[in-house]
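**Student:** Please find one structure pasted underneath; my questions will follow.
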Protein chains: 2
Amino acid sequence: MSSLPFDDATIRRARRIAENTPPAECDPRVEALVNDLIGRVADKWTMIILEALTEHEELRFTQLGRQVPGISQKMLTQTLRQMERDGMVTRTVHPVIPPRVDYRLTDLGQSLGAAFCGVWIWAEDNLTRVEAARAAFDNR
Amino acid sequence: MSSLPFDDATIRRARRIAENTPPAECDPRVEALVNDLIGRVADKWTMIILEALTEHEELRFTQLGRQVPGISQKMLTQTLRQMERDGMVTRTVHPVIPPRVDYRLTDLGQSLGAAFCGVWIWAEDNLTRVEAARAAFDNR
DNA sequence: CAGCATCCATTCAGATACTG
DNA sequence: CAGTATCTGAATGGATGCTG
């Protein structure tokens, strides 16, 4: 327990949250947003785009696509629109020909990345444990 | 930035992670696990089951189903199997008739819940911001 | 009781073609 | 260049029926 990568205040708060999460106690809007958010980040492209924009600060559409190998431009567009709608990225259209559109993380988007750092850290710390559990399960 | 719900060490670590996440720098197994994990948690049932088992410690199949309104028993079974495989829950079969199967979180499962507390906190703190961004976007 | 198996509707994502 | 529109195969999840 004390090996958790959080300070005591955060852990206490986590406990409070965990203990208060029967649907009745927890603000349903927060719960909906969390599900929503986790679902968003889980589509896997959002996280990668977030990383690319964290690293490069500002990218245009095609550059971004190159940073995210394997993404179709349909998914790129779609994901960026969602992120824009949620206030995670800004989209700047330059009225030139050929068109040029720049994408950049907002503070909100940056902080979302930081919020998920706990999950990254957990994954780093527990990778071998999960792999061992899977191996054990798969061998009956 | 200083309003993040993390202590300095965690924030520093998050930054290090964020700066080191171009595919080349980051252990691909960790990256795969994170995606995997986030995807798992994002299916929305995993998180709710995790909460139910955090609150009740030990539950049998049908009890668990009652704690998760709206879940089909197909999804309940499937999600529990995945969680068992990943080492998040233990599954104890009592050889009695009628059958009785108890589910319980492992330490790993509990710590996963704590890892996601950062996301919950972020959602709490930024709910109004996201809602405002969406409203603004939807009105053109 | 605790599932597994099957069927079915809906969603989703990739590929392709087209446009200002 | 930065998209939009359309089609299609694949994956998802719910409902139902059956079993030890």
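Chain labels follow the order of the structure tokens: the first chain is A, the next B, and so on; residue numbering restarts at 1 in every chain, and ligands are counted from 1 in their shown order.
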Tell me, which residues of chain B carry DSSP strand (DSSP E or B), written as a PyMOL selection string?

**Tutor:** chain B and resi 58-60+89-94+100-105

**Student:** Generate a file of the selected residues that holds N, CA and C atoms, formatted as a PDB file, in the first residue's frame.

**Tutor:**
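What landed in selection.pdb:
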ATOM      1  N   GLU B  58     -15.774  -9.138  -0.895  1.00  0.00           N
ATOM      2  CA  GLU B  58     -15.978 -10.444  -1.527  1.00  0.00           C
ATOM      3  C   GLU B  58     -17.427 -10.577  -1.941  1.00  0.00           C
ATOM      4  N   LEU B  59     -17.633 -11.026  -3.176  1.00  0.00           N
ATOM      5  CA  LEU B  59     -18.996 -11.166  -3.684  1.00  0.00           C
ATOM      6  C   LEU B  59     -19.081 -12.408  -4.551  1.00  0.00           C
ATOM      7  N   ARG B  60     -20.234 -13.030  -4.555  1.00  0.00           N
ATOM      8  CA  ARG B  60     -20.409 -14.122  -5.485  1.00  0.00           C
ATOM      9  C   ARG B  60     -21.029 -13.600  -6.771  1.00  0.00           C
ATOM     10  N   VAL B  89      -8.436 -10.113  -9.904  1.00  0.00           N
ATOM     11  CA  VAL B  89      -9.367 -10.743  -8.972  1.00  0.00           C
ATOM     12  C   VAL B  89      -9.008 -12.217  -8.795  1.00  0.00           C
ATOM     13  N   THR B  90      -9.399 -12.743  -7.660  1.00  0.00           N
ATOM     14  CA  THR B  90      -9.324 -14.190  -7.472  1.00  0.00           C
ATOM     15  C   THR B  90     -10.719 -14.761  -7.609  1.00  0.00           C
ATOM     16  N   ARG B  91     -10.769 -15.962  -8.115  1.00  0.00           N
ATOM     17  CA  ARG B  91     -12.043 -16.636  -8.331  1.00  0.00           C
ATOM     18  C   ARG B  91     -12.004 -17.949  -7.555  1.00  0.00           C
ATOM     19  N   THR B  92     -12.867 -18.070  -6.567  1.00  0.00           N
ATOM     20  CA  THR B  92     -12.858 -19.248  -5.706  1.00  0.00           C
ATOM     21  C   THR B  92     -14.141 -20.045  -5.910  1.00  0.00           C
ATOM     22  N   VAL B  93     -13.969 -21.266  -6.405  1.00  0.00           N
ATOM     23  CA  VAL B  93     -15.123 -22.122  -6.659  1.00  0.00           C
ATOM     24  C   VAL B  93     -15.342 -23.035  -5.460  1.00  0.00           C
ATOM     25  N   HIS B  94     -16.529 -22.997  -4.884  1.00  0.00           N
ATOM     26  CA  HIS B  94     -16.859 -23.909  -3.784  1.00  0.00           C
ATOM     27  C   HIS B  94     -17.613 -25.098  -4.362  1.00  0.00           C
ATOM     28  N   ARG B 100     -21.218 -22.256  -5.904  1.00  0.00           N
ATOM     29  CA  ARG B 100     -20.959 -20.955  -5.295  1.00  0.00           C
ATOM     30  C   ARG B 100     -19.556 -20.524  -5.684  1.00  0.00           C
ATOM     31  N   VAL B 101     -19.451 -19.336  -6.276  1.00  0.00           N
ATOM     32  CA  VAL B 101     -18.162 -18.815  -6.717  1.00  0.00           C
ATOM     33  C   VAL B 101     -17.957 -17.436  -6.135  1.00  0.00           C
ATOM     34  N   ASP B 102     -16.853 -17.258  -5.429  1.00  0.00           N
ATOM     35  CA  ASP B 102     -16.583 -15.966  -4.805  1.00  0.00           C
ATOM     36  C   ASP B 102     -15.501 -15.208  -5.555  1.00  0.00           C
ATOM     37  N   TYR B 103     -15.727 -13.937  -5.698  1.00  0.00           N
ATOM     38  CA  TYR B 103     -14.746 -13.068  -6.331  1.00  0.00           C
ATOM     39  C   TYR B 103     -14.243 -12.057  -5.317  1.00  0.00           C
ATOM     40  N   ARG B 104     -12.957 -11.760  -5.458  1.00  0.00           N
ATOM     41  CA  ARG B 104     -12.312 -10.873  -4.505  1.00  0.00           C
ATOM     42  C   ARG B 104     -11.158 -10.179  -5.212  1.00  0.00           C
ATOM     43  N   LEU B 105     -10.947  -8.922  -4.880  1.00  0.00           N
ATOM     44  CA  LEU B 105      -9.831  -8.191  -5.480  1.00  0.00           C
ATOM     45  C   LEU B 105      -8.500  -8.681  -4.917  1.00  0.00           C
TER      46      LEU B 105
END

**Student:** Once you count only C-alpha atoms (C1' of nucleotides), which residues of chain A turn out to be within 12 Å of chain C? Could you give them as a ChimeraX atom specification?

**Tutor:** /A:43,45,70-76,78,95-99

**Student:** Suppose we keep all heavy atoms; can you now write the selection as a short mmCIF file (atom, residue, chain, number, x, y, z; two decimals), in the first residue's frame?

**Tutor:**
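Contents of the output file out-v8.cif:
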data_model
loop_
_atom_site.label_atom_id
_atom_site.label_comp_id
_atom_site.auth_asym_id
_atom_site.auth_seq_id
_atom_site.Cartn_x
_atom_site.Cartn_y
_atom_site.Cartn_z
N ASP A 43 -9.46 4.77 -26.75
CA ASP A 43 -9.54 4.44 -28.16
C ASP A 43 -8.14 4.37 -28.76
O ASP A 43 -7.96 4.11 -29.93
CB ASP A 43 -10.42 5.43 -28.93
CG ASP A 43 -9.77 6.78 -29.06
OD1 ASP A 43 -8.61 6.93 -28.73
OD2 ASP A 43 -10.45 7.72 -29.51
N TRP A 45 -5.94 6.11 -29.93
CA TRP A 45 -5.38 7.19 -30.74
C TRP A 45 -5.23 8.45 -29.92
O TRP A 45 -4.25 9.19 -30.05
CB TRP A 45 -6.25 7.46 -31.97
CG TRP A 45 -6.36 6.30 -32.89
CD1 TRP A 45 -7.51 5.71 -33.33
CD2 TRP A 45 -5.29 5.57 -33.51
NE1 TRP A 45 -7.21 4.67 -34.18
CE2 TRP A 45 -5.87 4.57 -34.30
CE3 TRP A 45 -3.90 5.68 -33.46
CZ2 TRP A 45 -5.10 3.67 -35.05
CZ3 TRP A 45 -3.14 4.78 -34.20
CH2 TRP A 45 -3.74 3.79 -34.98
N GLY A 70 0.11 4.27 -38.56
CA GLY A 70 -0.98 3.32 -38.60
C GLY A 70 -2.37 3.94 -38.52
O GLY A 70 -3.37 3.27 -38.76
N ILE A 71 -2.44 5.21 -38.17
CA ILE A 71 -3.76 5.83 -38.06
C ILE A 71 -4.26 6.19 -39.45
O ILE A 71 -3.49 6.60 -40.33
CB ILE A 71 -3.71 7.08 -37.15
CG1 ILE A 71 -5.13 7.48 -36.73
CG2 ILE A 71 -2.99 8.22 -37.84
CD1 ILE A 71 -5.17 8.57 -35.68
N SER A 72 -5.55 6.00 -39.66
CA SER A 72 -6.15 6.45 -40.91
C SER A 72 -6.53 7.92 -40.74
O SER A 72 -6.72 8.37 -39.62
CB SER A 72 -7.39 5.63 -41.23
OG SER A 72 -8.37 5.79 -40.22
N GLN A 73 -6.64 8.65 -41.85
CA GLN A 73 -6.92 10.06 -41.66
C GLN A 73 -8.34 10.27 -41.20
O GLN A 73 -8.68 11.28 -40.60
CB GLN A 73 -6.56 10.88 -42.90
CG GLN A 73 -7.70 11.35 -43.74
CD GLN A 73 -8.18 10.23 -44.63
OE1 GLN A 73 -8.38 9.10 -44.17
NE2 GLN A 73 -8.35 10.52 -45.91
N LYS A 74 -9.16 9.28 -41.41
CA LYS A 74 -10.51 9.36 -40.85
C LYS A 74 -10.45 9.39 -39.33
O LYS A 74 -11.06 10.24 -38.69
CB LYS A 74 -11.33 8.15 -41.30
CG LYS A 74 -12.71 8.08 -40.69
CD LYS A 74 -13.37 6.77 -41.06
CE LYS A 74 -14.71 6.62 -40.39
NZ LYS A 74 -15.37 5.36 -40.78
N MET A 75 -9.71 8.46 -38.76
CA MET A 75 -9.58 8.39 -37.30
C MET A 75 -8.84 9.62 -36.76
O MET A 75 -9.16 10.12 -35.70
CB MET A 75 -8.82 7.13 -36.90
CG MET A 75 -9.67 5.88 -36.91
SD MET A 75 -11.11 5.98 -35.81
CE MET A 75 -12.41 6.39 -36.94
N LEU A 76 -7.86 10.07 -37.54
CA LEU A 76 -7.13 11.26 -37.11
C LEU A 76 -8.07 12.45 -37.00
O LEU A 76 -8.12 13.15 -35.99
CB LEU A 76 -5.99 11.55 -38.09
CG LEU A 76 -5.06 12.70 -37.74
CD1 LEU A 76 -4.45 12.53 -36.36
CD2 LEU A 76 -3.96 12.87 -38.78
N GLN A 78 -11.35 12.42 -36.79
CA GLN A 78 -12.38 12.18 -35.79
C GLN A 78 -11.86 12.42 -34.37
O GLN A 78 -12.50 13.10 -33.56
CB GLN A 78 -12.84 10.72 -35.93
CG GLN A 78 -14.23 10.45 -35.47
CD GLN A 78 -14.60 9.00 -35.79
OE1 GLN A 78 -14.52 8.13 -34.95
NE2 GLN A 78 -14.99 8.76 -37.02
N PRO A 95 -5.82 30.70 -43.44
CA PRO A 95 -6.51 30.82 -44.73
C PRO A 95 -5.54 31.02 -45.88
O PRO A 95 -5.49 32.08 -46.48
CB PRO A 95 -7.40 32.05 -44.51
CG PRO A 95 -6.68 32.86 -43.50
CD PRO A 95 -5.89 31.93 -42.65
N VAL A 96 -4.78 30.00 -46.14
CA VAL A 96 -3.83 30.06 -47.25
C VAL A 96 -4.08 28.87 -48.17
O VAL A 96 -4.80 27.94 -47.82
CB VAL A 96 -2.37 29.99 -46.74
CG1 VAL A 96 -2.06 31.20 -45.89
CG2 VAL A 96 -2.14 28.70 -45.95
N ILE A 97 -3.48 28.95 -49.35
CA ILE A 97 -3.59 27.82 -50.25
C ILE A 97 -2.20 27.34 -50.60
O ILE A 97 -1.38 28.12 -51.05
CB ILE A 97 -4.35 28.22 -51.54
CG1 ILE A 97 -5.80 28.50 -51.16
CG2 ILE A 97 -4.28 27.07 -52.56
CD1 ILE A 97 -6.70 28.82 -52.34
N PRO A 98 -1.89 26.08 -50.38
CA PRO A 98 -2.77 25.03 -49.83
C PRO A 98 -3.09 25.29 -48.37
O PRO A 98 -2.30 25.95 -47.69
CB PRO A 98 -1.94 23.76 -49.99
CG PRO A 98 -0.54 24.21 -49.99
CD PRO A 98 -0.54 25.56 -50.62
N PRO A 99 -4.21 24.75 -47.88
CA PRO A 99 -4.62 25.00 -46.49
C PRO A 99 -3.59 24.52 -45.49
O PRO A 99 -2.83 23.61 -45.76
CB PRO A 99 -5.93 24.21 -46.36
CG PRO A 99 -6.05 23.37 -47.56
CD PRO A 99 -5.18 23.93 -48.61
#

**Student:** Report as a VMD selection string the set of chain D residues whose atoms approach chain B to within 10 Å, with distances computed over only C-alpha atoms (C1' of nucleotides).

**Tutor:** chain D and resid 13 to 15 20

**Student:** Using only all heavy atoms, please write the residues we just selected to a file, as a JSON list (two decimals), in the first residue's frame.

**Tutor:**
[["chain", "number", "residue", "atom", "x", "y", "z"],
["D", 13, "DG", "P", -17.97, -4.62, -25.72],
["D", 13, "DG", "OP1", -17.58, -3.44, -24.94],
["D", 13, "DG", "OP2", -17.35, -5.94, -25.44],
["D", 13, "DG", "O5'", -19.55, -4.78, -25.61],
["D", 13, "DG", "C5'", -20.39, -3.78, -26.14],
["D", 13, "DG", "C4'", -21.83, -4.25, -26.13],
["D", 13, "DG", "O4'", -22.04, -5.18, -27.22],
["D", 13, "DG", "C3'", -22.22, -5.01, -24.85],
["D", 13, "DG", "O3'", -23.51, -4.58, -24.45],
["D", 13, "DG", "C2'", -22.24, -6.47, -25.28],
["D", 13, "DG", "C1'", -22.67, -6.33, -26.73],
["D", 13, "DG", "N9", -22.29, -7.46, -27.58],
["D", 13, "DG", "C8", -21.12, -8.17, -27.56],
["D", 13, "DG", "N7", -21.07, -9.13, -28.44],
["D", 13, "DG", "C5", -22.29, -9.04, -29.09],
["D", 13, "DG", "C6", -22.83, -9.81, -30.15],
["D", 13, "DG", "O6", -22.31, -10.76, -30.74],
["D", 13, "DG", "N1", -24.10, -9.38, -30.51],
["D", 13, "DG", "C2", -24.78, -8.35, -29.92],
["D", 13, "DG", "N2", -26.00, -8.07, -30.39],
["D", 13, "DG", "N3", -24.29, -7.61, -28.93],
["D", 13, "DG", "C4", -23.05, -8.02, -28.57],
["D", 14, "DG", "P", -24.10, -4.91, -23.04],
["D", 14, "DG", "OP1", -24.27, -3.66, -22.30],
["D", 14, "DG", "OP2", -23.30, -6.01, -22.45],
["D", 14, "DG", "O5'", -25.55, -5.46, -23.42],
["D", 14, "DG", "C5'", -26.41, -4.65, -24.21],
["D", 14, "DG", "C4'", -27.51, -5.51, -24.81],
["D", 14, "DG", "O4'", -26.93, -6.42, -25.76],
["D", 14, "DG", "C3'", -28.27, -6.35, -23.78],
["D", 14, "DG", "O3'", -29.66, -6.09, -23.90],
["D", 14, "DG", "C2'", -27.90, -7.78, -24.12],
["D", 14, "DG", "C1'", -27.48, -7.70, -25.58],
["D", 14, "DG", "N9", -26.43, -8.66, -25.94],
["D", 14, "DG", "C8", -25.17, -8.74, -25.40],
["D", 14, "DG", "N7", -24.43, -9.69, -25.92],
["D", 14, "DG", "C5", -25.26, -10.26, -26.88],
["D", 14, "DG", "C6", -25.02, -11.34, -27.77],
["D", 14, "DG", "O6", -23.99, -12.01, -27.90],
["D", 14, "DG", "N1", -26.13, -11.61, -28.57],
["D", 14, "DG", "C2", -27.32, -10.93, -28.51],
["D", 14, "DG", "N2", -28.28, -11.33, -29.34],
["D", 14, "DG", "N3", -27.57, -9.92, -27.69],
["D", 14, "DG", "C4", -26.49, -9.65, -26.90],
["D", 15, "DA", "P", -30.69, -6.85, -22.93],
["D", 15, "DA", "OP1", -31.83, -5.93, -22.76],
["D", 15, "DA", "OP2", -29.96, -7.37, -21.76],
["D", 15, "DA", "O5'", -31.16, -8.10, -23.79],
["D", 15, "DA", "C5'", -31.60, -7.92, -25.13],
["D", 15, "DA", "C4'", -32.15, -9.24, -25.67],
["D", 15, "DA", "O4'", -31.05, -10.05, -26.12],
["D", 15, "DA", "C3'", -32.91, -10.07, -24.64],
["D", 15, "DA", "O3'", -34.08, -10.61, -25.24],
["D", 15, "DA", "C2'", -31.92, -11.14, -24.22],
["D", 15, "DA", "C1'", -31.07, -11.32, -25.48],
["D", 15, "DA", "N9", -29.68, -11.70, -25.22],
["D", 15, "DA", "C8", -28.84, -11.17, -24.28],
["D", 15, "DA", "N7", -27.63, -11.70, -24.28],
["D", 15, "DA", "C5", -27.70, -12.65, -25.29],
["D", 15, "DA", "C6", -26.74, -13.56, -25.78],
["D", 15, "DA", "N6", -25.49, -13.64, -25.32],
["D", 15, "DA", "N1", -27.13, -14.37, -26.79],
["D", 15, "DA", "C2", -28.38, -14.28, -27.26],
["D", 15, "DA", "N3", -29.36, -13.46, -26.87],
["D", 15, "DA", "C4", -28.95, -12.67, -25.87],
["D", 20, "DG", "P", -24.93, -31.51, -18.75],
["D", 20, "DG", "OP1", -24.15, -32.11, -19.85],
["D", 20, "DG", "OP2", -26.23, -32.07, -18.35],
["D", 20, "DG", "O5'", -23.98, -31.49, -17.46],
["D", 20, "DG", "C5'", -22.74, -30.77, -17.48],
["D", 20, "DG", "C4'", -22.41, -30.33, -16.07],
["D", 20, "DG", "O4'", -23.25, -29.21, -15.72],
["D", 20, "DG", "C3'", -22.65, -31.41, -15.03],
["D", 20, "DG", "O3'", -21.62, -31.35, -14.04],
["D", 20, "DG", "C2'", -23.99, -31.00, -14.40],
["D", 20, "DG", "C1'", -23.93, -29.48, -14.51],
["D", 20, "DG", "N9", -25.24, -28.82, -14.60],
["D", 20, "DG", "C8", -26.34, -29.23, -15.31],
["D", 20, "DG", "N7", -27.36, -28.41, -15.20],
["D", 20, "DG", "C5", -26.89, -27.39, -14.37],
["D", 20, "DG", "C6", -27.53, -26.22, -13.91],
["D", 20, "DG", "O6", -28.67, -25.83, -14.13],
["D", 20, "DG", "N1", -26.69, -25.47, -13.09],
["D", 20, "DG", "C2", -25.40, -25.80, -12.77],
["D", 20, "DG", "N2", -24.76, -24.97, -11.98],
["D", 20, "DG", "N3", -24.78, -26.89, -13.21],
["D", 20, "DG", "C4", -25.59, -27.63, -14.00]]

**Student:** What lies within 9 Å of A:Arg40 using only C-alpha atoms (C1' of nucleotides), ignoring chain neighbours under 6 positions off, as a PDB file with C-alpha atoms, in the first residue's frame?

**Tutor:**
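The resulting part36.pdb:
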ATOM      1  CA  THR A  46      -6.168   9.957 -28.268  1.00  0.00           C
ATOM      2  CA  MET A  47      -3.307   8.953 -26.005  1.00  0.00           C
ATOM      3  CA  THR A  79     -10.118  11.971 -32.783  1.00  0.00           C
ATOM      4  CA  GLN A  82     -13.400  15.073 -30.227  1.00  0.00           C
ATOM      5  CA  MET A  83     -10.330  16.407 -28.501  1.00  0.00           C
TER       6      MET A  83
ATOM      7  CA  ALA B  42     -12.557   1.734 -20.531  1.00  0.00           C
TER       8      ALA B  42
END

**Student:** Atom CA of B:Leu64 and atom CA of B:Glu51, how far apart in Å?

**Tutor:**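 Computed distance, atom CA of B:Glu51 to atom CA of B:Leu64, equals 10.6 Å.
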
**Student:** Smallest atom-to-atom distance to chain B: which of A:Glu57, A:Leu80, A:Glu131, A:Pro28, using only C-alpha atoms?

**Tutor:** A:Glu131

**Student:** List every residue of stretch 67-109 of chain B that DSSP, applied to the backbone, labels as helix (DSSP H, G or I), and write the result as a list in words.

**Tutor:**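 Filtering stretch 67-109 of chain B to helix (DSSP H, G or I) leaves Gln67, Gln73, Lys74, Met75, Leu76, Thr77, Gln78, Thr79, Leu80, Arg81, Gln82, Met83, Glu84, Arg85, Asp107, Leu108 and Gly109 of chain B.
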
**Student:** Selected residues, all heavy atoms, written as a short mmCIF file (atom, residue, chain, number, x, y, z; two decimals), in the first residue's frame, please.

**Tutor:**
data_model
loop_
_atom_site.label_atom_id
_atom_site.label_comp_id
_atom_site.auth_asym_id
_atom_site.auth_seq_id
_atom_site.Cartn_x
_atom_site.Cartn_y
_atom_site.Cartn_z
N GLN B 67 -24.79 -5.68 -8.09
CA GLN B 67 -24.08 -4.44 -7.78
C GLN B 67 -23.78 -3.63 -9.03
O GLN B 67 -23.39 -2.47 -8.95
CB GLN B 67 -22.75 -4.75 -7.08
CG GLN B 67 -22.89 -5.37 -5.72
CD GLN B 67 -23.55 -4.43 -4.73
OE1 GLN B 67 -23.28 -3.24 -4.76
NE2 GLN B 67 -24.44 -4.96 -3.92
N GLN B 73 -25.10 -10.98 -18.03
CA GLN B 73 -24.19 -11.93 -17.38
C GLN B 73 -23.10 -12.38 -18.33
O GLN B 73 -22.04 -12.82 -17.90
CB GLN B 73 -24.97 -13.08 -16.73
CG GLN B 73 -24.86 -14.40 -17.42
CD GLN B 73 -25.80 -14.43 -18.62
OE1 GLN B 73 -25.81 -13.49 -19.42
NE2 GLN B 73 -26.59 -15.49 -18.72
N LYS B 74 -23.32 -12.21 -19.60
CA LYS B 74 -22.25 -12.47 -20.55
C LYS B 74 -21.07 -11.52 -20.30
O LYS B 74 -19.92 -11.95 -20.20
CB LYS B 74 -22.76 -12.27 -21.98
CG LYS B 74 -21.71 -12.45 -23.03
CD LYS B 74 -22.29 -12.09 -24.39
CE LYS B 74 -21.25 -12.16 -25.48
NZ LYS B 74 -21.84 -11.82 -26.81
N MET B 75 -21.38 -10.24 -20.22
CA MET B 75 -20.35 -9.25 -19.96
C MET B 75 -19.73 -9.43 -18.58
O MET B 75 -18.52 -9.25 -18.40
CB MET B 75 -20.93 -7.83 -20.09
CG MET B 75 -21.09 -7.36 -21.51
SD MET B 75 -19.52 -7.34 -22.43
CE MET B 75 -19.62 -8.85 -23.35
N LEU B 76 -20.56 -9.79 -17.62
CA LEU B 76 -20.04 -10.01 -16.28
C LEU B 76 -19.01 -11.14 -16.29
O LEU B 76 -17.90 -10.99 -15.79
CB LEU B 76 -21.19 -10.34 -15.32
CG LEU B 76 -20.82 -10.50 -13.84
CD1 LEU B 76 -20.10 -9.28 -13.32
CD2 LEU B 76 -22.05 -10.80 -13.01
N THR B 77 -19.39 -12.25 -16.89
CA THR B 77 -18.46 -13.39 -17.00
C THR B 77 -17.19 -12.98 -17.72
O THR B 77 -16.08 -13.21 -17.26
CB THR B 77 -19.13 -14.53 -17.77
OG1 THR B 77 -20.34 -14.89 -17.12
CG2 THR B 77 -18.22 -15.74 -17.81
N GLN B 78 -17.38 -12.38 -18.87
CA GLN B 78 -16.25 -12.03 -19.72
C GLN B 78 -15.28 -11.10 -18.99
O GLN B 78 -14.06 -11.31 -19.00
CB GLN B 78 -16.79 -11.34 -20.97
CG GLN B 78 -15.91 -11.42 -22.16
CD GLN B 78 -16.61 -10.81 -23.38
OE1 GLN B 78 -16.40 -9.67 -23.75
NE2 GLN B 78 -17.52 -11.57 -23.97
N THR B 79 -15.84 -10.06 -18.38
CA THR B 79 -15.01 -9.09 -17.70
C THR B 79 -14.27 -9.72 -16.52
O THR B 79 -13.08 -9.49 -16.31
CB THR B 79 -15.87 -7.92 -17.20
OG1 THR B 79 -16.66 -7.42 -18.27
CG2 THR B 79 -15.00 -6.79 -16.69
N LEU B 80 -14.99 -10.54 -15.78
CA LEU B 80 -14.35 -11.21 -14.64
C LEU B 80 -13.22 -12.13 -15.09
O LEU B 80 -12.17 -12.21 -14.45
CB LEU B 80 -15.39 -11.99 -13.83
CG LEU B 80 -16.31 -11.15 -12.95
CD1 LEU B 80 -17.44 -11.96 -12.39
CD2 LEU B 80 -15.50 -10.50 -11.82
N ARG B 81 -13.43 -12.83 -16.20
CA ARG B 81 -12.36 -13.69 -16.71
C ARG B 81 -11.12 -12.90 -17.05
O ARG B 81 -10.00 -13.30 -16.74
CB ARG B 81 -12.85 -14.45 -17.94
CG ARG B 81 -13.72 -15.62 -17.70
CD ARG B 81 -13.05 -16.78 -16.97
NE ARG B 81 -14.06 -17.78 -16.63
CZ ARG B 81 -15.02 -17.61 -15.74
NH1 ARG B 81 -15.08 -16.49 -15.04
NH2 ARG B 81 -15.93 -18.52 -15.52
N GLN B 82 -11.33 -11.79 -17.74
CA GLN B 82 -10.19 -10.95 -18.10
C GLN B 82 -9.47 -10.46 -16.86
O GLN B 82 -8.24 -10.48 -16.78
CB GLN B 82 -10.66 -9.75 -18.92
CG GLN B 82 -11.10 -10.09 -20.32
CD GLN B 82 -11.74 -8.92 -21.01
OE1 GLN B 82 -12.24 -7.99 -20.37
NE2 GLN B 82 -11.76 -8.94 -22.33
N MET B 83 -10.25 -10.01 -15.89
CA MET B 83 -9.65 -9.49 -14.66
C MET B 83 -8.92 -10.60 -13.92
O MET B 83 -7.87 -10.37 -13.31
CB MET B 83 -10.73 -8.87 -13.76
CG MET B 83 -11.34 -7.61 -14.35
SD MET B 83 -12.69 -6.93 -13.34
CE MET B 83 -11.78 -6.13 -12.02
N GLU B 84 -9.47 -11.79 -13.97
CA GLU B 84 -8.80 -12.92 -13.32
C GLU B 84 -7.48 -13.22 -14.03
O GLU B 84 -6.45 -13.40 -13.41
CB GLU B 84 -9.72 -14.15 -13.38
CG GLU B 84 -9.23 -15.31 -12.53
CD GLU B 84 -9.95 -16.60 -12.87
OE1 GLU B 84 -10.91 -16.56 -13.68
OE2 GLU B 84 -9.54 -17.65 -12.37
N ARG B 85 -7.55 -13.23 -15.36
CA ARG B 85 -6.35 -13.50 -16.13
C ARG B 85 -5.25 -12.48 -15.86
O ARG B 85 -4.07 -12.81 -15.81
CB ARG B 85 -6.69 -13.51 -17.63
CG ARG B 85 -5.53 -13.95 -18.51
CD ARG B 85 -5.93 -14.08 -19.97
NE ARG B 85 -5.31 -13.05 -20.78
CZ ARG B 85 -4.16 -13.19 -21.45
NH1 ARG B 85 -3.52 -14.32 -21.42
NH2 ARG B 85 -3.68 -12.20 -22.15
N ASP B 107 -4.33 -7.64 -4.39
CA ASP B 107 -3.62 -6.39 -4.12
C ASP B 107 -3.39 -5.63 -5.42
O ASP B 107 -3.49 -4.40 -5.47
CB ASP B 107 -2.27 -6.68 -3.46
CG ASP B 107 -2.44 -7.22 -2.05
OD1 ASP B 107 -3.58 -7.14 -1.54
OD2 ASP B 107 -1.47 -7.70 -1.48
N LEU B 108 -3.09 -6.39 -6.46
CA LEU B 108 -2.86 -5.78 -7.77
C LEU B 108 -4.11 -5.04 -8.23
O LEU B 108 -4.05 -3.90 -8.71
CB LEU B 108 -2.50 -6.88 -8.77
CG LEU B 108 -1.78 -6.48 -10.05
CD1 LEU B 108 -0.46 -5.82 -9.73
CD2 LEU B 108 -1.56 -7.69 -10.94
N GLY B 109 -5.26 -5.67 -8.09
CA GLY B 109 -6.51 -5.03 -8.48
C GLY B 109 -6.78 -3.77 -7.68
O GLY B 109 -7.22 -2.76 -8.22
#

**Student:** Of the candidates A:Gly118, A:Met88, A:Leu50, A:Ala136, which shows the shortest atom-to-atom distance to chain B, using only C-alpha atoms?

**Tutor:**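 With only C-alpha atoms as the atom set, the closest residue is A:Gly118.
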
**Student:** Which residues are close to stretch 115-117 of chain B, i.e. within 6 Å by only C-alpha atoms (C1' of nucleotides), leaving aside same-chain residues fewer than 3 positions away? Reply as a PDB file with C-alpha atoms, in the first residue's frame.

**Tutor:**
ATOM      1  CA  ALA A  14      -8.504   8.096  -3.537  1.00  0.00           C
ATOM      2  CA  GLY A 118      -0.547   7.437 -12.471  1.00  0.00           C
ATOM      3  CA  VAL A 119      -1.668   4.706 -14.809  1.00  0.00           C
TER       4      VAL A 119
ATOM      5  CA  LEU B 112      -5.026  -0.454 -10.134  1.00  0.00           C
ATOM      6  CA  TRP B 120     -11.051  10.653 -11.160  1.00  0.00           C
TER       7      TRP B 120
END
